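What follows is a set of notes on a single structure, which appears directly below.
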Amino acid sequence: MAENNSNSSYENGDGKMATISKVLQSRQEKMIDTGNKVTVVGVGQVGMATVFSLLTQGVTNNIVMVDTNEDKLKGEMMDLQHGSAFLCNATIKAGTDYSITADSQICVIAAGVRQMEGEDRRNLVQRNVEVLKGIVPQLLKYSPNTIFLITSNPVDVLTYVTWKISGLPKHRVIGSGTNLDSARFRYLLSQKLNIAPTSCHAYIIGEHGDSSVPVWSSVNIAGVRLRDLNKNIGLDCDEENWKETHTQVVQSAYEVIKLKGYTSWAIGLSLTQLIKAILTNVASVHAVTTSLKGEHGITEDVFLSLPCVLGRNGILDVIRQPLTDVEREQLLQSAKVMADVQSNIKF
């Protein structure tokens with residue numbers, strides 16, 4: 001008969017039983033916090049697309065999700081936890097109590113009232129202001145040194161609102177802005193030119209919305225400016241009608257919402273790129289929402305998108321693009337639109 005020595009292998013020196021973990025592992029040092037904790041508030045389509053993208057790309061292995069819907073929150077957490085064997089030893093937590101968010105490096109706010117089919121993003125303002133008033137102070141209570149990344153719409157105005165509510169320095173309150181608009185722009189250009197989107201260099205600035213500004217003067221492929229090849233590109237007199245590309249960018253979200261009810265994957269990927277830039281301190285440039293007062297002649301205290309340098313402290317700098325008179329005027333008009341919307345906000 002086989003010898004049964006299982007009990008002796010589990011005994012401590014004092015004769016007491018040891019746990020399997022202690023027998024299996026000779027040393028159990030406390031895991032060091034890598035400082036990459038990211039909180040996502042809102043487990044709707046955008047929030048979950050962001051969480052999934054962050055985890056699968058290995059941008060962070062420390063995710064916290066917060067929402068008011070406890071059942072959905074628990075379900076999303078369990079579903080992700082069950083995939084842990086396919087991830088980088090990720091810690092995935094969720095709860096309705098904001099204490100779980102303590103010491104977050106970045107807090108993503110993806111909560112709010114969803115934009116309906118055909119609805120202008122700006123119609124959502126006051127409803128989502130009330131939502132932010134309940135979220136921002138709670139996040140700051142537990143993570144006073146965090147960086148806010150806002151993606152709820154209308155993102156430019158709500159980034160301004162978050163700054164006002166939080167009292168944080170402007171470089172630590174960032175909106176997802178026109179980073180996605182610029183990606184859509186690059187994709188559509190790539191389709192017309194049969195060149196990869198990553199090799200099409202182009203920016204949309206200003207509002208994430210109808211008054212956004214395509215910077216046609218700097219669109220280039222390998223340093224070759226398209227305006228040097230077609231001096232009327234993007235203008236009404238352009239016979240090739242490149243201006244339609246920007247119209248498609250503006251209509252993209254409305255079209256996706258009409259077809260599937262919401263946008264999710266592209267904005268999730270966009271947010272992941274921004275979070276990675278901040279956590280890795282790479283000083284890469286992205287079109288995000290920031291304070292534009294003093295930039296390009298803007299006198300209003302508005303938040304809109306310009307190319308910004310991102311790093312561990314948030315927005316490290318703003319790139320001052322040379323703009324044509326037409327582009328500058330369009331940006332000033334975008335700022336005026338935002339200032340008008342902001343003037344009607346009730347805090």
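Order determines the names: the first chain of the structure tokens is A, the second B, and so forth; residues in each chain are numbered 1 upward, and ligands are numbered 1 upward as they are shown.
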
Practice item. Pick out the residues sitting within 8 Å of A:Leu306, and hand them over as an MDAnalysis selection string; count only C-alpha atoms, and ignore anything fewer than 5 positions along from it in its own chain. Key: chainID A and resid 205:206 286:290 318:319

Check your understanding: A:Phe185: which residues within 9 Å, counting only C-alpha atoms, same-chain residues fewer than 3 positions away excluded, as a PyMOL selection string?
Key -> chain A and resi 180-182+188-190+197+202-204+214+245-246+248-249

Practice item. Compile the contact shell of stretch 146-148 of chain A as a list in words: residues with an atom at most 7 Å away, counting only C-alpha atoms, same-chain residues fewer than 3 positions apart removed. Key: Ser104, Gln105, Ile106, Cys107, Val108, Ser143, Arg172, Val173, Ile174 and Gly314 of chain A

Exercise for review: Find the residue from A:Lys72, A:Lys293, A:Lys164, A:Lys37 that sits nearest to A:Ile345; use only C-alpha atoms when measuring.
Suggested key: A:Lys164

Exercise for review: Run DSSP on the backbone and give me the residues of stretch 274-330 of chain A it puts in helix (DSSP H, G or I), as a list in words.
Suggested key: Leu274, Ile275, Lys276, Ala277, Ile278, Leu279, Thr280, Asp325, Val326, Glu327, Arg328, Glu329 and Gln330 of chain A

Review point. Could you write out, as number ranges by chain, all the residues of stretch 24-237 of chain A that DSSP marks as strand (DSSP E or B)?
Key: A: 38-41, 62-66, 91-95, 106-109, 147-150, 173-175, 200-201, 204-206, 213-214, 220-221, 224-225

Check your understanding: Interatomic distance between atom CA of A:Cys237 and atom CA of A:Ala183?
Key ->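 Atom CA of A:Ala183 lies 25.4 Å from atom CA of A:Cys237.
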
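Take the candidates A:Ala102, A:Ile298, A:Val41, A:Val131 and check each one against A:Pro144 using only C-alpha atoms; the shortest distance goes to A:Ala102.
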
**Study point:** Non-local contacts of stretch 209-211 of chain A (9 Å; only C-alpha atoms; under 3 positions in same chain excluded) as a VMD selection string
**Key:** chain A and resid 120 to 122 154 178 181 206 247 250 to 251 330 to 331 333 to 334 337

Residues just named, written with N, CA and C atoms as a PDB file, in the first residue's frame:
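Saved to again29.pdb:
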```
ATOM      1  N   ASP A 120     -27.501  66.682 -30.539  1.00  0.00           N
ATOM      2  CA  ASP A 120     -26.251  67.429 -30.455  1.00  0.00           C
ATOM      3  C   ASP A 120     -25.622  67.175 -29.092  1.00  0.00           C
ATOM      4  N   ARG A 121     -24.280  66.973 -29.082  1.00  0.00           N
ATOM      5  CA  ARG A 121     -23.581  66.704 -27.817  1.00  0.00           C
ATOM      6  C   ARG A 121     -23.831  67.808 -26.796  1.00  0.00           C
ATOM      7  N   ARG A 122     -24.009  69.055 -27.275  1.00  0.00           N
ATOM      8  CA  ARG A 122     -24.148  70.180 -26.363  1.00  0.00           C
ATOM      9  C   ARG A 122     -25.471  70.183 -25.607  1.00  0.00           C
ATOM     10  N   PRO A 154     -21.001  66.600 -23.518  1.00  0.00           N
ATOM     11  CA  PRO A 154     -20.031  67.177 -24.460  1.00  0.00           C
ATOM     12  C   PRO A 154     -18.681  67.353 -23.770  1.00  0.00           C
ATOM     13  N   THR A 178     -10.349  65.922 -29.416  1.00  0.00           N
ATOM     14  CA  THR A 178     -10.376  65.551 -30.841  1.00  0.00           C
ATOM     15  C   THR A 178      -9.324  64.498 -31.179  1.00  0.00           C
ATOM     16  N   ASP A 181     -11.374  62.311 -33.237  1.00  0.00           N
ATOM     17  CA  ASP A 181     -11.692  63.001 -34.499  1.00  0.00           C
ATOM     18  C   ASP A 181     -10.481  62.961 -35.436  1.00  0.00           C
ATOM     19  N   GLY A 206      -9.953  72.192 -31.946  1.00  0.00           N
ATOM     20  CA  GLY A 206     -11.174  72.897 -31.561  1.00  0.00           C
ATOM     21  C   GLY A 206     -12.140  71.991 -30.842  1.00  0.00           C
ATOM     22  N   THR A 247     -16.378  66.646 -43.333  1.00  0.00           N
ATOM     23  CA  THR A 247     -17.816  66.465 -43.100  1.00  0.00           C
ATOM     24  C   THR A 247     -18.095  65.049 -42.619  1.00  0.00           C
ATOM     25  N   VAL A 250     -17.146  64.690 -38.913  1.00  0.00           N
ATOM     26  CA  VAL A 250     -18.157  65.267 -38.029  1.00  0.00           C
ATOM     27  C   VAL A 250     -19.375  64.356 -37.924  1.00  0.00           C
ATOM     28  N   GLN A 251     -19.742  63.735 -39.026  1.00  0.00           N
ATOM     29  CA  GLN A 251     -20.943  62.894 -39.053  1.00  0.00           C
ATOM     30  C   GLN A 251     -20.687  61.471 -38.555  1.00  0.00           C
ATOM     31  N   GLN A 330     -11.735  79.868 -37.813  1.00  0.00           N
ATOM     32  CA  GLN A 330     -12.611  78.745 -37.462  1.00  0.00           C
ATOM     33  C   GLN A 330     -12.411  78.336 -36.003  1.00  0.00           C
ATOM     34  N   LEU A 331     -11.166  78.352 -35.524  1.00  0.00           N
ATOM     35  CA  LEU A 331     -10.875  78.008 -34.137  1.00  0.00           C
ATOM     36  C   LEU A 331     -11.478  79.046 -33.188  1.00  0.00           C
ATOM     37  N   GLN A 333     -14.061  80.821 -33.770  1.00  0.00           N
ATOM     38  CA  GLN A 333     -15.514  80.602 -33.797  1.00  0.00           C
ATOM     39  C   GLN A 333     -15.893  79.431 -32.906  1.00  0.00           C
ATOM     40  N   SER A 334     -15.063  78.370 -32.927  1.00  0.00           N
ATOM     41  CA  SER A 334     -15.289  77.212 -32.065  1.00  0.00           C
ATOM     42  C   SER A 334     -15.224  77.625 -30.595  1.00  0.00           C
ATOM     43  N   VAL A 337     -18.385  79.450 -29.616  1.00  0.00           N
ATOM     44  CA  VAL A 337     -19.485  78.501 -29.406  1.00  0.00           C
ATOM     45  C   VAL A 337     -19.415  77.901 -28.001  1.00  0.00           C
TER      46      VAL A 337
END
```

Review point. Which of these residues is nearest to A:Thr60, using only C-alpha atoms: A:Ser305, A:Ser284, A:Ser26, A:Thr272?
Key: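 Checking each candidate against A:Thr60, we get A:Thr272 as the closest.
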
Point to revise | Residue nearest A:Lys93 - candidates A:Val326, A:Thr39, A:Ile135, A:Thr50, atoms counted: only C-alpha atoms | key: A:Thr39
